[in-house]
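> Pasting in a structure now, in structure tokens, and then I'll have a few things to ask.
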Amino acid sequence: MGDIRREDIEGEEAWAHVTDEPDIRLVEATKDEHRLSGGDWVLSVAVMEFVRIGDPPYAELVQAIEAAALNVPGVSGIQRQDTEVWLVDGSPSGEQLTRTVAEVIDARADALRAWYGRPIQPPRARERDDMDAWSPTPQQDEEARTLMEDFQRATTTEAQVEALRRLTEELEAQKQRHRDDP
């Protein structure tokens with residue numbers, strides 16, 4: 001486990017799980033004195049930026065993070081704000097909140113490392129109404145990979161939504177082409 005350090009941000013109390021693997025194991029808790037975010041604390045779990053709904057580690061990891069945070073003394077509630085951000089209500093120790101959630105991540109570090117390090121795979125059809133499963137052509141595969149990379153590089157929610165919209169449209173177009181010309 002890495003160190004838990006206080007690293008105040010713009011005058012707000014902040015705690016970080018400092019590690020040599022920040023993409024996998026970084027956890028941060030920042031006190032929101034003025035509740036500008038809507039919570040008393042903002043909890044960030046870096047690896048969740050790369051784990052999406054439907055990914056094998058997703059559901060169990062979200063449940064484990066939320067259960068751990070709710071078990072920290074002083075936490076009265078938790079709400080998901082964004083992909084890797086939760087709003088935490090109550091008056092917990094920021095150090096304890098960070099440490100407890102970091103333990104969840106550290107316990108799963110090997111599996112998360114394997115997930116994070118996997119080659120990018122574009123979404124593929126799992127079930128196709130009354131059609132057999134299909135595989136995209138190399139050109140379609142490359143188009144989907146490019147759109148997926150655009151999504152992963154997006155730095156704002158709006159950019160992510162736009163990239164996801166383009167990816168969804170392209171995949172729907174591929175499915176329609178397959179229906180029209182099996």
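Identifiers in this document derive from the order of the structure tokens: chains are assigned A, B, ..., residues are numbered from 1 separately in each chain, and ligands are numbered from 1 in order of occurrence.
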I need the residues of segment 3-112 of chain A that end up classed as strand (DSSP E) by DSSP on the backbone, written out as a PyMOL selection string.
chain A and resi 3-6+14-18+27-31+41-45+75-82+85-90
> Need to verify the contact set: Gly39 of chain A, 7 Å, only C-alpha atoms, exclusion of same-chain residues closer than 5 positions in sequence. Can you return it as a PyMOL selection string?
chain A and resi 32+87-89
> Neighbours of Ile78 of chain A within 12 Å (only C-alpha atoms; same-chain residues fewer than 6 positions away dropped), as a PyMOL selection string?
chain A and resi 38-43+62-63+65-72+85-90+92+97
> Counting only C-alpha atoms, which of A:Glu84, A:Glu149, A:Glu172, A:Glu60 gets nearest to Ile24 of chain A?
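Among the listed residues, the smallest separation from Ile24 of chain A belongs to A:Glu84.
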> Can you tell me how far atom CA of Thr83 of chain A sits from atom CA of Ser44 of chain A, in Å to one decimal?
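Between atom CA of Thr83 of chain A and atom CA of Ser44 of chain A the gap is 9.2 Å.
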> One number please: atom CA of Asp55 of chain A to atom CA of Tyr116 of chain A, in Å, one decimal.
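Answer for the atom CA of Asp55 of chain A to atom CA of Tyr116 of chain A separation: 10.9 Å.
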> Can you list, as a list in words, every residue of segment 16-103 of chain A that DSSP puts in alpha helix (DSSP H)?
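The alpha helix (DSSP H) subset of segment 16-103 of chain A is Pro22, Asp23, Ile24, Arg25, Tyr58, Ala59, Glu60, Leu61, Val62, Gln63, Ala64, Ile65, Glu66, Ala67, Ala68, Ala69, Leu70, Gly94, Glu95, Gln96, Leu97, Thr98, Arg99, Thr100, Val101, Ala102 and Glu103 of chain A.
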> Please determine, counting only C-alpha atoms, which residue among A:Leu61, A:Thr156, A:Ala173, A:Gly94 has the shortest atom-to-atom distance to Glu13 of chain A.
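Of A:Leu61, A:Thr156, A:Ala173, A:Gly94, the one nearest Glu13 of chain A, counting only C-alpha atoms, is A:Gly94.
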> Fewer than 4 positions away in the same chain doesn't count, so skip those; otherwise give me all residues within 10 Å of segment 161-168 of chain A, counting only C-alpha atoms, as a PDB file with C-alpha atoms, in the first residue's frame.

```
ATOM      1  CA  PRO A 122     -13.725  -2.041 -29.827  1.00  0.00           C
ATOM      2  CA  PRO A 123     -17.199  -3.100 -28.790  1.00  0.00           C
ATOM      3  CA  GLU A 143     -12.890   3.010 -37.291  1.00  0.00           C
ATOM      4  CA  ALA A 144     -14.324   1.769 -33.996  1.00  0.00           C
ATOM      5  CA  ARG A 145     -10.854   1.687 -32.375  1.00  0.00           C
ATOM      6  CA  THR A 146     -10.218   5.293 -33.430  1.00  0.00           C
ATOM      7  CA  LEU A 147     -13.579   6.410 -32.025  1.00  0.00           C
ATOM      8  CA  MET A 148     -12.924   4.513 -28.787  1.00  0.00           C
ATOM      9  CA  GLU A 149      -9.525   6.200 -28.451  1.00  0.00           C
ATOM     10  CA  ASP A 150     -11.210   9.589 -29.004  1.00  0.00           C
ATOM     11  CA  PHE A 151     -13.552   8.748 -26.135  1.00  0.00           C
ATOM     12  CA  GLN A 152     -10.676   7.744 -23.846  1.00  0.00           C
ATOM     13  CA  ARG A 153      -8.767  10.955 -24.642  1.00  0.00           C
ATOM     14  CA  ALA A 154     -11.784  13.179 -23.950  1.00  0.00           C
ATOM     15  CA  THR A 156     -14.601  16.824 -20.374  1.00  0.00           C
ATOM     16  CA  THR A 157     -17.958  15.185 -19.913  1.00  0.00           C
ATOM     17  CA  GLU A 172     -25.261   1.214 -35.428  1.00  0.00           C
ATOM     18  CA  ALA A 173     -24.268   1.993 -39.022  1.00  0.00           C
ATOM     19  CA  GLN A 174     -22.051  -1.109 -39.069  1.00  0.00           C
TER      20      GLN A 174
END
```
